[in-house]
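Data block for upload_27.txt (compact mmCIF, C-alpha atoms):
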```txt
# COMPACT_ATOMS: atom_id res chain seq x y z
CA MET A 1048 -16.62 14.00 -8.47
CA LEU A 1049 -16.79 11.70 -5.47
CA ALA A 1050 -13.90 9.39 -4.75
CA TYR A 1051 -12.27 7.51 -1.88
CA LYS A 1052 -9.09 8.36 -0.07
CA PHE A 1053 -7.01 6.31 2.33
CA LEU A 1054 -5.33 8.31 5.07
CA ALA A 1055 -3.09 7.40 7.97
CA ASP A 1056 -4.41 7.47 11.51
CA GLY A 1057 -5.77 10.94 12.40
CA ALA A 1058 -6.69 11.83 8.79
CA VAL A 1059 -3.04 12.38 7.92
CA ALA A 1060 -1.97 12.16 4.28
CA PRO A 1061 0.53 9.30 4.15
CA PHE A 1062 3.03 10.99 1.84
CA THR A 1063 2.83 14.70 2.62
CA GLY A 1064 2.16 14.28 6.34
CA ARG A 1065 -0.61 16.87 6.04
CA ARG A 1066 -3.60 16.51 8.32
CA TRP A 1067 -6.87 16.84 6.39
CA PRO A 1068 -9.53 19.09 7.94
CA PRO A 1069 -12.31 16.83 9.22
CA PRO A 1070 -15.93 17.27 8.19
CA GLY A 1071 -18.47 18.50 10.70
CA PRO A 1072 -21.64 16.58 11.54
CA ARG A 1073 -23.45 18.07 8.54
CA THR A 1074 -20.75 19.93 6.65
CA PRO A 1075 -17.80 18.83 4.52
CA GLY A 1076 -14.26 19.46 5.67
CA ALA A 1077 -12.40 22.50 4.39
CA TRP A 1078 -10.92 22.21 0.93
CA VAL A 1079 -7.35 20.98 0.69
CA VAL A 1080 -5.79 22.83 -2.22
CA ALA A 1081 -2.88 21.38 -4.18
CA PRO A 1082 0.22 23.54 -4.43
CA PRO A 1083 0.98 25.06 -7.83
CA GLY A 1084 2.73 22.78 -10.29
CA ASP A 1085 2.06 19.74 -12.42
CA LEU A 1086 -1.35 18.45 -11.35
CA GLU A 1087 -0.47 14.77 -11.64
CA ARG A 1088 2.48 15.23 -9.33
CA CYS A 1089 1.25 17.88 -6.92
CA GLY A 1090 -2.52 17.42 -7.04
CA VAL A 1091 -4.89 15.88 -4.53
CA HIS A 1092 -4.89 12.14 -5.14
CA ALA A 1093 -7.77 9.79 -4.50
CA CYS A 1094 -9.11 6.37 -5.54
CA ARG A 1095 -11.82 4.89 -7.62
CA VAL A 1096 -13.24 1.62 -6.28
CA GLU A 1097 -10.92 -0.37 -8.54
CA ASP A 1098 -7.88 1.46 -7.12
CA LEU A 1099 -8.58 0.75 -3.45
CA ALA A 1100 -6.32 -2.26 -2.94
CA TYR A 1101 -3.25 -0.34 -4.12
CA TRP A 1102 -3.46 2.41 -1.50
CA LEU A 1103 -4.38 0.70 1.76
CA ASP A 1104 -4.06 2.72 4.94
CA ASP A 1105 -5.55 3.11 8.41
CA GLU A 1106 -8.57 5.24 7.52
CA LEU A 1107 -10.82 5.37 4.47
CA TRP A 1108 -12.76 8.50 3.56
CA LEU A 1109 -15.30 9.57 1.00
CA VAL A 1110 -13.96 12.73 -0.61
CA GLU A 1111 -15.21 15.32 -3.02
CA LEU A 1112 -12.80 16.35 -5.76
CA ASP A 1113 -13.13 19.58 -7.64
CA ASP A 1114 -12.81 19.72 -11.44
CA PRO A 1115 -10.83 19.16 -13.52
CA VAL A 1116 -10.23 15.61 -12.33
CA VAL A 1117 -7.49 13.73 -14.15
CA ARG A 1118 -7.82 9.94 -14.33
CA THR A 1119 -4.49 8.14 -14.20
CA PRO A 1120 -3.58 4.48 -13.74
CA PHE A 1121 -4.26 3.53 -10.11
CA GLN A 1122 -5.71 6.90 -9.01
CA VAL A 1123 -7.50 10.14 -9.84
CA VAL A 1124 -6.03 13.60 -9.28
CA ALA A 1125 -7.70 16.97 -8.73
CA PRO A 1126 -6.67 20.53 -7.94
CA ARG A 1127 -8.49 20.38 -4.61
CA GLY A 1128 -10.48 18.00 -2.48
CA ARG A 1129 -12.32 17.80 0.83
CA LEU A 1130 -13.40 15.09 3.21
CA LEU A 1131 -17.10 14.25 3.25
CA GLU A 1132 -17.35 11.33 5.62
CA ARG A 1133 -15.27 8.58 7.06
CA ILE A 1134 -16.02 5.05 5.90
CA THR A 1135 -16.21 3.62 9.41
CA ALA A 1136 -16.69 0.09 8.09
CA TRP A 1137 -12.93 0.12 7.35
CA ASN A 1138 -11.48 -0.52 10.80
CA GLY A 1139 -9.38 -2.99 12.74
CA ALA A 1140 -11.96 -5.74 12.38
CA SER A 1141 -12.56 -5.38 8.66
CA SER A 1142 -8.87 -4.92 7.86
CA GLY A 1143 -8.26 -8.18 9.72
CA GLU A 1144 -11.00 -9.85 7.70
CA TYR A 1145 -9.44 -8.45 4.55
CA ALA A 1146 -6.04 -9.88 5.45
CA ALA A 1147 -7.61 -13.26 6.14
CA ALA A 1148 -9.55 -13.10 2.87
CA CYS A 1149 -6.27 -12.51 1.05
CA ALA A 1150 -4.72 -15.52 2.78
CA TRP A 1151 -7.62 -17.79 1.85
CA ARG A 1152 -7.61 -16.41 -1.67
CA ALA A 1153 -3.90 -17.29 -1.87
CA ARG A 1154 -4.71 -20.76 -0.57
CA ASP A 1155 -7.35 -21.25 -3.27
CA LEU A 1156 -5.02 -20.06 -6.03
CA VAL A 1157 -2.26 -22.40 -4.84
CA VAL A 1158 -4.73 -25.30 -4.62
CA ASP A 1159 -5.73 -24.66 -8.24
CA GLY A 1160 -2.09 -24.50 -9.29
CA LEU A 1161 -1.24 -27.73 -7.48
CA GLY A 1162 -4.25 -29.43 -9.06
CA ARG A 1163 -3.19 -28.35 -12.54
CA ALA A 1164 0.29 -29.71 -11.84
CA GLY A 1165 -1.19 -33.09 -10.84
CA LEU A 1166 -0.27 -32.67 -7.17
CA GLN A 1167 -3.68 -33.74 -5.88
CA ALA A 1168 -2.58 -34.88 -2.42
CA GLU A 1169 -0.82 -31.59 -1.76
CA ALA A 1170 -3.85 -29.68 -3.01
CA ALA A 1171 -6.12 -31.70 -0.74
CA ALA A 1172 -3.89 -31.01 2.27
CA LEU A 1173 -4.13 -27.28 1.69
CA ARG A 1174 -7.84 -27.44 1.01
CA ALA A 1175 -8.35 -29.18 4.35
CA CYS A 1176 -6.93 -26.28 6.36
CA ILE A 1177 -9.58 -24.75 8.57
CA ASP A 1178 -7.83 -21.78 10.13
CA LEU A 1179 -4.90 -19.46 9.53
CA PRO A 1180 -2.39 -21.29 11.78
CA SER A 1181 -3.08 -24.61 10.05
CA LEU A 1182 -2.91 -22.91 6.64
CA GLU A 1183 0.43 -21.33 7.52
CA ALA A 1184 1.86 -24.59 8.87
CA THR A 1185 0.62 -26.78 6.01
CA ALA A 1186 1.68 -24.33 3.33
CA THR A 1187 5.12 -23.90 4.91
CA THR A 1188 5.63 -27.66 4.97
CA LEU A 1189 4.43 -28.02 1.38
CA ALA A 1190 6.69 -25.27 0.12
CA GLY A 1191 9.70 -26.78 1.86
CA ASP A 1192 12.85 -25.71 0.07
CA ALA A 1193 11.19 -25.45 -3.33
CA THR A 1194 11.64 -22.28 -5.32
CA ARG A 1195 8.60 -20.13 -5.97
CA GLU A 1196 8.74 -21.13 -9.61
CA GLU A 1197 7.82 -24.73 -8.71
CA PRO A 1198 4.14 -25.61 -8.19
CA HIS A 1199 4.52 -26.61 -4.54
CA GLY A 1200 6.91 -23.72 -3.99
CA LEU A 1201 3.98 -21.39 -4.63
CA ALA A 1202 2.59 -22.54 -1.30
CA ALA A 1203 5.12 -20.18 0.28
CA TYR A 1204 2.91 -17.27 -0.80
CA ALA A 1205 -0.06 -18.80 0.98
CA ALA A 1206 2.10 -19.40 4.06
CA GLY A 1207 3.31 -15.80 3.93
CA ALA A 1208 -0.20 -14.43 3.53
CA ALA A 1209 -1.49 -16.55 6.42
CA LEU A 1210 1.37 -15.40 8.66
CA ARG A 1211 0.73 -11.73 7.87
CA ALA A 1212 -3.02 -12.17 8.32
CA ARG A 1213 -2.44 -13.73 11.76
CA GLN A 1214 -0.32 -10.70 12.61
CA GLY A 1215 -2.98 -8.29 11.34
CA ARG A 1216 -0.61 -7.00 8.66
CA PHE A 1217 -3.20 -6.44 5.98
CA ARG A 1218 -0.86 -4.64 3.58
CA GLU A 1219 1.58 -7.51 3.47
CA ALA A 1220 -1.11 -10.20 3.30
CA SER A 1221 -2.54 -8.38 0.30
CA LEU A 1222 0.90 -8.09 -1.29
CA GLN A 1223 1.63 -11.82 -0.87
CA CYS A 1224 -1.57 -12.61 -2.74
CA THR A 1225 -0.67 -10.06 -5.41
CA HIS A 1226 2.77 -11.59 -5.88
CA LEU A 1227 1.19 -15.01 -6.14
CA GLY A 1228 -1.08 -13.75 -8.92
CA ALA A 1229 1.93 -12.43 -10.80
CA ALA A 1230 3.81 -15.69 -10.31
CA LEU A 1231 0.90 -17.82 -11.52
CA ALA A 1232 0.33 -15.66 -14.59
CA SER A 1233 4.05 -15.04 -15.16
CA SER A 1234 3.11 -11.44 -15.76
CA GLU A 1235 2.10 -8.21 -14.07
CA ALA A 1236 -1.40 -8.72 -15.42
CA GLY A 1237 -1.77 -11.46 -12.82
CA ALA A 1238 -0.84 -8.99 -10.09
CA ASP A 1239 -3.38 -6.48 -11.36
CA GLN A 1240 -6.01 -9.20 -11.47
CA GLU A 1241 -5.41 -9.91 -7.79
CA ARG A 1242 -5.55 -6.23 -6.87
CA ALA A 1243 -8.84 -6.06 -8.78
CA TRP A 1244 -10.16 -9.03 -6.78
CA GLN A 1245 -9.03 -7.37 -3.55
CA SER A 1246 -10.65 -4.07 -4.51
CA ARG A 1247 -13.91 -5.86 -5.27
CA TRP A 1248 -13.70 -7.59 -1.89
CA LEU A 1249 -13.22 -4.24 -0.16
CA ALA A 1250 -16.09 -2.63 -2.07
CA ARG A 1251 -18.41 -5.49 -1.18
CA ARG A 1252 -17.40 -5.71 2.48
CA LEU A 1253 -17.42 -1.95 3.04
CA GLU A 1254 -20.54 -1.44 0.89
CA LEU A 1255 -18.82 1.09 -1.33
CA HIS A 1256 -20.21 2.25 -4.62
CA GLU A 1257 -18.60 3.26 -7.85
CA VAL A 1258 -17.62 6.88 -7.66
CA GLY A 1259 -17.33 9.52 -10.31
CA ALA A 1260 -20.90 10.63 -9.90
CA PRO A 1261 -21.56 14.35 -9.78
CA THR A 1262 -21.27 15.69 -6.27
CA GLY A 1263 -24.52 16.54 -4.62
CA ARG A 1264 -26.98 15.97 -1.90
CA GLU A 1265 -27.48 12.32 -2.71
CA ALA A 1266 -23.94 11.66 -1.58
CA PHE A 1267 -23.77 14.00 1.36
CA PRO A 1268 -27.11 15.06 2.73
CA MET A 1269 -26.75 18.56 4.07
CA MET B 507 9.95 -7.68 1.08
CA SER B 508 11.63 -8.17 -2.26
CA ALA B 509 9.83 -7.36 -5.48
CA ALA B 510 8.28 -10.28 -7.37
CA ILE B 511 6.80 -8.00 -10.02
CA ALA B 512 9.09 -6.41 -12.56
CA SER B 513 7.85 -2.84 -12.20
CA GLU B 514 7.63 -3.03 -8.42
CA LEU B 515 10.27 -1.48 -6.21
CA ALA B 516 12.12 -3.64 -3.73
CA CYS B 517 12.76 -2.25 -0.24
CA ARG B 518 16.43 -1.83 -1.06
CA GLU B 519 15.59 0.29 -4.11
CA LEU B 520 13.24 2.42 -2.06
CA VAL B 521 16.04 3.16 0.39
CA GLU B 522 18.24 4.22 -2.52
CA LEU B 523 15.54 6.51 -3.92
CA VAL B 524 14.34 8.15 -0.74
CA THR B 525 16.46 11.29 -1.10
CA ASP B 526 15.31 11.80 -4.68
CA TYR B 527 11.75 11.26 -3.50
CA PHE B 528 12.04 13.96 -0.86
CA GLU B 529 13.63 16.32 -3.36
CA ASP B 530 10.98 15.69 -6.06
CA ARG B 531 13.55 14.34 -8.47
CA LEU B 532 11.72 11.12 -9.36
CA SER B 533 9.78 10.83 -12.59
CA LEU B 534 6.01 10.55 -12.22
CA ASP B 535 6.21 6.82 -12.83
CA GLU B 536 9.03 6.33 -10.31
CA ASN B 537 7.15 8.47 -7.83
CA ARG B 538 4.04 6.33 -8.18
CA ARG B 539 6.03 3.09 -7.85
CA PHE B 540 7.69 4.50 -4.75
CA GLU B 541 4.35 5.38 -3.14
CA LEU B 542 2.71 2.11 -4.19
CA HIS B 543 5.50 0.24 -2.47
CA VAL B 544 5.09 2.26 0.71
CA CYS B 545 1.39 1.38 0.75
CA SER B 546 2.22 -2.32 0.70
CA CYS B 547 5.14 -2.46 3.10
CA THR B 548 4.90 -1.59 6.78
CA GLY B 549 8.69 -1.60 7.14
CA CYS B 550 9.14 1.00 4.41
CA ARG B 551 6.31 3.12 5.87
CA VAL B 552 8.23 3.22 9.14
CA TYR B 553 11.47 3.95 7.30
CA LEU B 554 9.88 6.81 5.36
CA ALA B 555 8.45 8.31 8.55
CA GLN B 556 11.86 8.05 10.24
CA MET B 557 13.58 9.70 7.30
CA ARG B 558 11.00 12.48 7.29
CA ALA B 559 11.65 13.04 10.99
CA VAL B 560 15.41 13.13 10.37
CA VAL B 561 14.96 15.68 7.57
CA ARG B 562 12.76 17.82 9.82
CA ALA B 563 15.23 17.68 12.69
CA ALA B 564 18.38 18.07 10.62
CA GLY B 565 16.83 20.92 8.65
CA ARG B 566 16.86 23.00 11.81
CA LEU B 567 20.59 22.46 12.42
CA ALA B 568 23.16 25.07 11.42
CA GLU B 569 26.86 24.41 11.06
CA SER B 570 27.45 26.52 14.14
CA ASP B 571 25.28 24.14 16.18
CA LEU B 572 28.04 21.54 16.06
CA SER B 573 30.55 21.43 18.88
CA ALA B 574 34.21 21.24 17.87
CA ALA B 575 34.45 17.67 19.12
CA ILE B 576 31.41 16.48 17.14
CA ARG B 577 32.64 18.34 14.07
CA ALA B 578 36.04 16.61 14.30
CA GLU B 579 34.40 13.23 14.84
CA LEU B 580 32.17 13.69 11.80
CA LEU B 581 35.06 14.78 9.60
CA ASP B 582 37.04 11.71 10.69
CA ALA B 583 34.09 9.49 9.86
CA PHE B 584 33.67 11.00 6.40
CA ARG B 585 37.40 10.73 5.66
CA ALA B 586 37.44 7.08 6.74
CA TRP B 587 34.33 6.38 4.69
CA LYS B 588 35.98 7.73 1.52
CA ARG B 589 38.96 5.43 2.03
CA THR B 590 36.80 2.27 2.13
```
Let me see the structure of the file written as structure tokens.
Amino acid sequence: MLAYKFLADGAVAPFTGRRWPPPGPRTPGAWVVAPPGDLERCGVHACRVEDLAYWLDDELWLVELDDPVVRTPFQVVAPRGRLLERITAWNGASSGEYAAACAWRARDLVVDGLGRAGLQAEAAALRACIDLPSLEATATTLAGDATREEPHGLAAYAAGAALRARQGRFREASLQCTHLGAALASSEAGADQERAWQSRWLARRLELHEVGAPTGREAFPM
Amino acid sequence: MSAAIASELACRELVELVTDYFEDRLSLDENRRFELHVCSCTGCRVYLAQMRAVVRAAGRLAESDLSAAIRAELLDAFRAWKRT
């Protein structure tokens, strides 16, 4: 099946440190074969579209996985895989956009929460922010010394996301938004909902398609 | 960054688990939580890379590579550590 895989700079697997063989102009990369052992633990891991936001890294690749592919929460695992092509739309610019999108998403969630709590003036102040510095400053002021369990204390997540987005730290901006989702829902389901939103954002921005289709020429013209 | 989600590892927990991670002693679920945390936390990514570098470098050392002075200094440090 086809899937996506995030790798560190230079096509390096983030956990094993292994460098994946790159594809040629019209040929896939060499197969990377998992060592013997439990497939879920030792296999080649990759993402479906809905898993993307959990595994962010410097580079995103389209990969081919050989059967049998095991579907687990957050990822898919196969006995071997190979790189087909790099998703060049995932780069410094789009990761910055992603971080900013997470910050604005956090702002919108906090605005909704403030509105539900009857804090209309505070919600309006956040809604009026036009850029990341003003969002960070306004949200920081709103949060003040409040705990993150209080409605205006939730603004700290938006402030944190805006700060990380300004710094280009897309992983942390995404995580702030995820934590906010959990806090608003008082459950991990809220966190998963936010990761799902983030994955949809990535798929839309990077023009990715659902994977799992049979491998073939339609995916990698030879 | 501290964990706001019950199943999520905090940075401090990751530091405590890193040896077990390297030695494949984490359960599948713990392993996944460990790696999910690393994907969300630049600080822990750096820490993991540093630890990997330490393991690589230290793995090449033999006991005989230590000078007598360094050996004595290390033994003193370990003895003092046990007393505290």
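Residues within 10 Å of Asp1114 (chain A), counting all atoms listed in the file and excluding same-chain residues fewer than 3 positions away, are Met1048, Glu1111, Val1117, Val1124, Ala1125, Pro1126, Arg1127 and Gly1128 of chain A.
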Take CA of Leu1049 (chain A) and CA of Leu532 (chain B) and report the distance between them in Å, one decimal. 28.8 Å
Taken to one decimal, the CA of Gly549 (chain B)-CA of Ala1186 (chain A) distance is 24.1 Å
Report the closest atom pair, with its distance in Å rounded to one decimal, for each residue of chain A that has an atom no farther than 6 Å from chain B; count all atoms listed in the file, sort by chain and then rising residue number, and write it as a tab-separated table.
```
residue	atom	partner	partner_atom	distance
A:Trp1102	CA	B:Cys545	CA	5.4
A:Leu1103	CA	B:Cys545	CA	5.9
A:Arg1218	CA	B:Ser546	CA	4.8
A:Glu1219	CA	B:Ser546	CA	5.9
A:His1226	CA	B:Ala510	CA	5.9
```
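Straight-line separation from CA of Val560 (chain B) to CA of Leu1054 (chain A): 21.9 Å.
Taking only C-alpha atoms, the non-local environment of region 1161-1168 of chain A within 12 Å (same-chain residues fewer than 6 positions away omitted) comprises Arg1154, Asp1155, Arg1174, Ala1175, Ala1186, Leu1189, Ala1190, Glu1197, Pro1198, His1199, Gly1200, Leu1201, Ala1202 and Leu1231 of chain A.
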Neighbouring residues of Ala1238 (chain A) were defined as those with any atom within 8 Å, considering only C-alpha atoms; residues of the same chain fewer than 4 positions away were excluded. Please report them as number ranges by chain. A: 1225-1229, 1234, 1242; B: 511
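The residue set within 8 Å of Leu520 (chain B), counting only C-alpha atoms and dropping same-chain residues fewer than 5 places from it, reads Leu515, Phe540 and Cys550 of chain B.
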Selected residues written out with C-alpha atoms, as a short mmCIF file (atom, residue, chain, number, x, y, z; two decimals), in the frame of the given file:
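Once written, selection32.cif looks like this:
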```cif
data_model
loop_
_atom_site.label_atom_id
_atom_site.label_comp_id
_atom_site.auth_asym_id
_atom_site.auth_seq_id
_atom_site.Cartn_x
_atom_site.Cartn_y
_atom_site.Cartn_z
CA LEU B 515 10.27 -1.48 -6.21
CA PHE B 540 7.69 4.50 -4.75
CA CYS B 550 9.14 1.00 4.41
#
```
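Counting all atoms listed in the file, the residue from A:Ile1134, A:Val1116, A:Cys1176, A:Leu1182 that sits nearest to Glu1254 (chain A) is A:Ile1134.
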Could you work out an axis-aligned bounding box for all listed atoms of region 1193-1209 of chain A, with 4 Å added on each of the six sides, and give its centre and edge lengths in Å to one decimal, as lines of an AutoDock Vina configuration file?
```
center_x = 5.1
center_y = -20.5
center_z = -1.6
size_x = 21.1
size_y = 20.2
size_z = 24.0
```
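Contact shell of Ala1100 (chain A) at 9 Å (all atoms listed in the file; same-chain neighbours under 5 positions omitted): Arg1218, Ser1221, Arg1242, Ala1243, Trp1244, Gln1245, Ser1246, Arg1247 and Leu1249 of chain A.
Each of A:Ala1220, A:Cys1089, A:Ala1250, A:Val1059 was compared to Leu1130 (chain A) using only C-alpha atoms, and A:Val1059 turns out to be the nearest.
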Export of region 1055-1088 of chain A: N, CA and C atoms, as a JSON list (two decimals), in the first residue's frame:
```json
[["chain", "number", "residue", "atom", "x", "y", "z"],
["A", 1055, "ALA", "N", 13.58, 12.83, 9.32],
["A", 1055, "ALA", "CA", 14.40, 13.99, 9.67],
["A", 1055, "ALA", "C", 15.20, 14.43, 8.44],
["A", 1056, "ASP", "N", 15.79, 15.59, 8.55],
["A", 1056, "ASP", "CA", 16.55, 16.17, 7.45],
["A", 1056, "ASP", "C", 17.54, 15.14, 6.87],
["A", 1057, "GLY", "N", 17.56, 15.00, 5.54],
["A", 1057, "GLY", "CA", 18.47, 14.05, 4.91],
["A", 1057, "GLY", "C", 17.88, 12.66, 4.81],
["A", 1058, "ALA", "N", 16.55, 12.55, 4.92],
["A", 1058, "ALA", "CA", 15.85, 11.25, 4.82],
["A", 1058, "ALA", "C", 16.31, 10.28, 5.91],
["A", 1059, "VAL", "N", 16.53, 10.82, 7.09],
["A", 1059, "VAL", "CA", 16.98, 9.99, 8.21],
["A", 1059, "VAL", "C", 15.79, 9.63, 9.09],
["A", 1060, "ALA", "N", 15.66, 8.35, 9.40],
["A", 1060, "ALA", "CA", 14.58, 7.91, 10.28],
["A", 1060, "ALA", "C", 14.81, 8.49, 11.67],
["A", 1061, "PRO", "N", 13.78, 9.15, 12.23],
["A", 1061, "PRO", "CA", 14.01, 9.90, 13.47],
["A", 1061, "PRO", "C", 14.36, 9.04, 14.68],
["A", 1062, "PHE", "N", 13.96, 7.77, 14.67],
["A", 1062, "PHE", "CA", 14.18, 6.96, 15.87],
["A", 1062, "PHE", "C", 15.33, 5.98, 15.72],
["A", 1063, "THR", "N", 15.52, 5.44, 14.52],
["A", 1063, "THR", "CA", 16.62, 4.49, 14.34],
["A", 1063, "THR", "C", 17.89, 5.20, 13.87],
["A", 1064, "GLY", "N", 17.75, 6.40, 13.34],
["A", 1064, "GLY", "CA", 18.91, 7.11, 12.80],
["A", 1064, "GLY", "C", 19.33, 6.59, 11.43],
["A", 1065, "ARG", "N", 18.56, 5.69, 10.87],
["A", 1065, "ARG", "CA", 18.90, 5.09, 9.58],
["A", 1065, "ARG", "C", 18.56, 6.06, 8.44],
["A", 1066, "ARG", "N", 19.47, 6.16, 7.49],
["A", 1066, "ARG", "CA", 19.20, 6.99, 6.32],
["A", 1066, "ARG", "C", 18.50, 6.15, 5.26],
["A", 1067, "TRP", "N", 17.34, 6.60, 4.80],
["A", 1067, "TRP", "CA", 16.59, 5.84, 3.79],
["A", 1067, "TRP", "C", 17.20, 6.07, 2.41],
["A", 1068, "PRO", "N", 17.34, 5.02, 1.62],
["A", 1068, "PRO", "CA", 17.85, 5.20, 0.25],
["A", 1068, "PRO", "C", 16.88, 6.05, -0.56],
["A", 1069, "PRO", "N", 17.39, 7.09, -1.20],
["A", 1069, "PRO", "CA", 16.49, 7.99, -1.94],
["A", 1069, "PRO", "C", 16.05, 7.38, -3.27],
["A", 1070, "PRO", "N", 14.90, 7.79, -3.76],
["A", 1070, "PRO", "CA", 14.47, 7.32, -5.08],
["A", 1070, "PRO", "C", 15.27, 8.03, -6.17],
["A", 1071, "GLY", "N", 15.36, 7.38, -7.33],
["A", 1071, "GLY", "CA", 15.95, 8.06, -8.48],
["A", 1071, "GLY", "C", 14.89, 8.88, -9.17],
["A", 1072, "PRO", "N", 15.26, 9.50, -10.30],
["A", 1072, "PRO", "CA", 14.28, 10.35, -11.01],
["A", 1072, "PRO", "C", 13.04, 9.56, -11.44],
["A", 1073, "ARG", "N", 13.23, 8.28, -11.80],
["A", 1073, "ARG", "CA", 12.08, 7.51, -12.26],
["A", 1073, "ARG", "C", 12.01, 6.13, -11.60],
["A", 1074, "THR", "N", 12.73, 5.98, -10.52],
["A", 1074, "THR", "CA", 12.73, 4.68, -9.84],
["A", 1074, "THR", "C", 12.57, 4.87, -8.34],
["A", 1075, "PRO", "N", 11.91, 3.92, -7.69],
["A", 1075, "PRO", "CA", 11.78, 4.03, -6.22],
["A", 1075, "PRO", "C", 13.13, 3.83, -5.54],
["A", 1076, "GLY", "N", 13.21, 4.22, -4.30],
["A", 1076, "GLY", "CA", 14.41, 3.93, -3.52],
["A", 1076, "GLY", "C", 14.48, 2.43, -3.22],
["A", 1077, "ALA", "N", 15.65, 2.01, -2.75],
["A", 1077, "ALA", "CA", 15.80, 0.59, -2.40],
["A", 1077, "ALA", "C", 14.90, 0.27, -1.20],
["A", 1078, "TRP", "N", 14.50, -0.97, -1.12],
["A", 1078, "TRP", "CA", 13.65, -1.38, 0.01],
["A", 1078, "TRP", "C", 14.43, -1.27, 1.33],
["A", 1079, "VAL", "N", 13.76, -0.79, 2.34],
["A", 1079, "VAL", "CA", 14.29, -0.84, 3.71],
["A", 1079, "VAL", "C", 13.55, -1.99, 4.40],
["A", 1080, "VAL", "N", 14.31, -2.96, 4.82],
["A", 1080, "VAL", "CA", 13.71, -4.18, 5.38],
["A", 1080, "VAL", "C", 13.81, -4.14, 6.90],
["A", 1081, "ALA", "N", 12.69, -4.42, 7.55],
["A", 1081, "ALA", "CA", 12.67, -4.43, 9.02],
["A", 1081, "ALA", "C", 13.49, -5.61, 9.54],
["A", 1082, "PRO", "N", 14.16, -5.43, 10.66],
["A", 1082, "PRO", "CA", 14.88, -6.56, 11.25],
["A", 1082, "PRO", "C", 13.89, -7.61, 11.74],
["A", 1083, "PRO", "N", 14.35, -8.84, 11.95],
["A", 1083, "PRO", "CA", 13.43, -9.87, 12.44],
["A", 1083, "PRO", "C", 12.90, -9.49, 13.81],
["A", 1084, "GLY", "N", 11.71, -9.98, 14.11],
["A", 1084, "GLY", "CA", 11.12, -9.67, 15.42],
["A", 1084, "GLY", "C", 9.68, -9.27, 15.24],
["A", 1085, "ASP", "N", 9.07, -8.88, 16.35],
["A", 1085, "ASP", "CA", 7.67, -8.47, 16.34],
["A", 1085, "ASP", "C", 7.47, -7.31, 15.36],
["A", 1086, "LEU", "N", 6.56, -7.51, 14.40],
["A", 1086, "LEU", "CA", 6.40, -6.52, 13.33],
["A", 1086, "LEU", "C", 6.01, -5.15, 13.88],
["A", 1087, "GLU", "N", 5.08, -5.13, 14.83],
["A", 1087, "GLU", "CA", 4.62, -3.84, 15.35],
["A", 1087, "GLU", "C", 5.76, -3.04, 15.96],
["A", 1088, "ARG", "N", 6.70, -3.75, 16.57],
["A", 1088, "ARG", "CA", 7.80, -3.07, 17.24],
["A", 1088, "ARG", "C", 8.94, -2.75, 16.26]]
```
